[in-house]
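Here is the structure we will look at, set down as structure tokens.
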Amino acid sequence: MIVYQPGEARQGAAVDTQHLYSIDNFTLAKYEKAGGSLVARWEGIRGGAISHLNSCFAEKTQLFCANSNFPELPMASSVEVFATDSLQHIHSLSLGIMYEGSLTWFDRLGEGWLAGFAHYDGQGGTEFKDHRFATIYRYDQSWRRLGGWMIPDSVTRQMQPYAASGGALGADGLLYLSGHDKPEVYVLAAPRMGPKLVHVATISVDIEGQAIAWEDSAERVLIGISRSSREIRTFQIPPVVLPAGLFRLTEVNFTL
């Protein structure tokens, strides 16, 4: 395990080949991997348009982030995009009020997107939907919904009263989810039939839930955070065997 100590690591972390990105509700900071020097910083306004950044991932020259209005109701979400070199905000895609819930993470899947939406018990939740209604949807590149899955009960029980705070597709085509506060990552595969993903493994990691991301420059290295110590931590994740009869999410065809 490698540990970095930025001050903003309360919601999660992102990574590219040479830099780490620390995520707080309305703050982003970019640090050098080698030496840990601060390179750039973006800070919004408390109570502003970007008030609850849940997660981000770096792709080429852009940092894609999931933003929500948690704990306000009704739930509304947006995708916010920043330039990785300067952390200047460059684009916003409003998803508005969504039946799916509150956007907490998303990742590339083919030419489109895979996205996770939260429902909560208590604060930020609704009376008619509890944590079990958290879900994962597949979208095309224009954010038109193609399909989706339920999250299995064995995973939502571990996350209650919250939902998945982080999610990232592995190079193995499996989905890795993290909850709100537990030191675990849940590995999910696609079913051969039916609307629910299959829980194939739970991996213990020294994080406290929140957003996660894959380190593309190293094999099976995942990054996460400790909220209590404001640390970014990196971990080597063991290979996960895909059980017979299941699919990798990258193998699923969303057309008939």
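Residue numbering restarts at 1 in every chain; chains get A, B, ... in the order shown in the structure tokens, and ligands count up from 1 in that same order.
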### Query
Just asking: which residues within region 5-236 of chain A are strand (DSSP E) according to DSSP, as a PyMOL selection string?
chain A and resi 12-15+19-24+27-32+38-43+53-59+62-68+76-83+89-97+102-109+112-118+135-139+145-150+166-169+175-178+184-189+198-204+213-215+221-226+231-236
### Task
Please identify all polymer residues within 10 Å of region 20-26 of chain A, counting only C-alpha atoms, omitting same-chain residues fewer than 6 positions from it, and present them as a PyMOL selection string.
chain A and resi 4-14+32-34+36+38-58+63+65+67-68+84+87+211+215+223-225+230-232
### Message
Residues within 7 Å of region 168-181 of chain A, please, as a VMD selection string. Count only C-alpha atoms; anything in the same chain fewer than 4 positions from it doesn't count.
### Response
chain A and resid 107 159 162 to 164 185 to 189 208 to 213 248 to 250
Mind writing the picked residues with N, CA and C atoms as a PDB file, in the first residue's frame?
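Output contents, as saved in again.pdb:
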```
ATOM      1  N   ASP A 107     -18.666   5.631 -15.253  1.00  0.00           N
ATOM      2  CA  ASP A 107     -17.435   5.205 -15.904  1.00  0.00           C
ATOM      3  C   ASP A 107     -17.734   4.952 -17.377  1.00  0.00           C
ATOM      4  N   MET A 159     -24.132  -1.826   2.508  1.00  0.00           N
ATOM      5  CA  MET A 159     -24.023  -0.381   2.310  1.00  0.00           C
ATOM      6  C   MET A 159     -25.077   0.409   3.070  1.00  0.00           C
ATOM      7  N   TYR A 162     -26.853   3.755   3.421  1.00  0.00           N
ATOM      8  CA  TYR A 162     -26.399   4.541   2.276  1.00  0.00           C
ATOM      9  C   TYR A 162     -26.428   3.665   1.019  1.00  0.00           C
ATOM     10  N   ALA A 163     -25.607   4.015   0.044  1.00  0.00           N
ATOM     11  CA  ALA A 163     -25.545   3.280  -1.217  1.00  0.00           C
ATOM     12  C   ALA A 163     -24.099   3.286  -1.696  1.00  0.00           C
ATOM     13  N   ALA A 164     -23.875   2.830  -2.913  1.00  0.00           N
ATOM     14  CA  ALA A 164     -22.517   2.817  -3.457  1.00  0.00           C
ATOM     15  C   ALA A 164     -22.031   4.244  -3.663  1.00  0.00           C
ATOM     16  N   VAL A 185     -14.491  -3.693  -0.981  1.00  0.00           N
ATOM     17  CA  VAL A 185     -14.867  -3.472  -2.377  1.00  0.00           C
ATOM     18  C   VAL A 185     -15.638  -4.703  -2.836  1.00  0.00           C
ATOM     19  N   TYR A 186     -16.752  -4.485  -3.504  1.00  0.00           N
ATOM     20  CA  TYR A 186     -17.637  -5.566  -3.934  1.00  0.00           C
ATOM     21  C   TYR A 186     -17.500  -5.747  -5.446  1.00  0.00           C
ATOM     22  N   VAL A 187     -17.319  -6.978  -5.868  1.00  0.00           N
ATOM     23  CA  VAL A 187     -17.077  -7.273  -7.277  1.00  0.00           C
ATOM     24  C   VAL A 187     -18.340  -7.905  -7.868  1.00  0.00           C
ATOM     25  N   LEU A 188     -18.799  -7.347  -8.981  1.00  0.00           N
ATOM     26  CA  LEU A 188     -20.062  -7.764  -9.578  1.00  0.00           C
ATOM     27  C   LEU A 188     -19.874  -8.171 -11.031  1.00  0.00           C
ATOM     28  N   ALA A 189     -20.613  -9.206 -11.415  1.00  0.00           N
ATOM     29  CA  ALA A 189     -20.642  -9.676 -12.800  1.00  0.00           C
ATOM     30  C   ALA A 189     -22.064  -9.568 -13.325  1.00  0.00           C
ATOM     31  N   GLU A 208     -12.185   3.738   3.724  1.00  0.00           N
ATOM     32  CA  GLU A 208     -13.448   3.948   4.432  1.00  0.00           C
ATOM     33  C   GLU A 208     -14.528   4.294   3.420  1.00  0.00           C
ATOM     34  N   GLY A 209     -14.786   3.339   2.508  1.00  0.00           N
ATOM     35  CA  GLY A 209     -15.773   3.563   1.466  1.00  0.00           C
ATOM     36  C   GLY A 209     -15.370   4.706   0.557  1.00  0.00           C
ATOM     37  N   GLN A 210     -16.370   5.388  -0.002  1.00  0.00           N
ATOM     38  CA  GLN A 210     -16.203   6.553  -0.870  1.00  0.00           C
ATOM     39  C   GLN A 210     -15.683   6.165  -2.262  1.00  0.00           C
ATOM     40  N   ALA A 211     -15.375   7.184  -3.078  1.00  0.00           N
ATOM     41  CA  ALA A 211     -15.079   6.954  -4.491  1.00  0.00           C
ATOM     42  C   ALA A 211     -13.731   6.269  -4.693  1.00  0.00           C
ATOM     43  N   ILE A 212     -13.680   5.397  -5.693  1.00  0.00           N
ATOM     44  CA  ILE A 212     -12.476   4.643  -6.036  1.00  0.00           C
ATOM     45  C   ILE A 212     -12.164   4.848  -7.514  1.00  0.00           C
ATOM     46  N   ALA A 213     -10.945   4.500  -7.906  1.00  0.00           N
ATOM     47  CA  ALA A 213     -10.545   4.600  -9.318  1.00  0.00           C
ATOM     48  C   ALA A 213      -9.401   3.641  -9.572  1.00  0.00           C
ATOM     49  N   ARG A 248     -18.892 -10.794 -18.169  1.00  0.00           N
ATOM     50  CA  ARG A 248     -18.269  -9.508 -17.849  1.00  0.00           C
ATOM     51  C   ARG A 248     -19.188  -8.408 -18.373  1.00  0.00           C
ATOM     52  N   LEU A 249     -19.214  -7.274 -17.698  1.00  0.00           N
ATOM     53  CA  LEU A 249     -20.125  -6.216 -18.133  1.00  0.00           C
ATOM     54  C   LEU A 249     -19.778  -5.720 -19.528  1.00  0.00           C
ATOM     55  N   THR A 250     -18.528  -5.838 -19.905  1.00  0.00           N
ATOM     56  CA  THR A 250     -18.090  -5.430 -21.240  1.00  0.00           C
ATOM     57  C   THR A 250     -18.566  -6.389 -22.324  1.00  0.00           C
TER      58      THR A 250
END
```
### Task
Give the helix (DSSP H, G or I) residues of region 13-226 of chain A, as DSSP finds them on the backbone, and put them as a PyMOL selection string.
chain A and resi 131-133+153-159
Atoms kept (C-alpha atoms) for selection, written as a PDB file, in the first residue's frame:
```
ATOM      1  CA  HIS A 131     -31.390   2.091   0.009  1.00  0.00           C
ATOM      2  CA  ARG A 132     -32.583  -1.016  -1.859  1.00  0.00           C
ATOM      3  CA  PHE A 133     -33.607   1.157  -4.828  1.00  0.00           C
ATOM      4  CA  ASP A 153     -29.117  -7.715  -1.739  1.00  0.00           C
ATOM      5  CA  SER A 154     -25.826  -9.090  -0.401  1.00  0.00           C
ATOM      6  CA  VAL A 155     -24.202  -5.789  -1.422  1.00  0.00           C
ATOM      7  CA  THR A 156     -26.950  -3.271  -0.589  1.00  0.00           C
ATOM      8  CA  ARG A 157     -27.231  -4.750   2.931  1.00  0.00           C
ATOM      9  CA  GLN A 158     -23.563  -3.959   3.517  1.00  0.00           C
ATOM     10  CA  MET A 159     -24.023  -0.381   2.310  1.00  0.00           C
TER      11      MET A 159
END
```
### Query
Leaving out Ala244 (chain A) and any residue of its chain fewer than 6 positions from it, which residues lie within 12 Å of it when counting only C-alpha atoms, given as number ranges by chain?
A: 189-192, 198, 200
## Note on the structure
The residue from A:Arg233, A:Trp149, A:Arg144, A:Ser226 with the smallest atom-to-atom distance to Pro195 (chain A), counting only C-alpha atoms, is A:Trp149
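Excluding Leu95 (chain A) and any residue on its chain fewer than 4 positions from it, the residues at most 8 Å away by only C-alpha atoms are Ala76, Ser77, Ser78 and Val79 of chain A.
For the pair CA of Leu222 (chain A) and CA of Pro183 (chain A), the separation is 13.1 Å.
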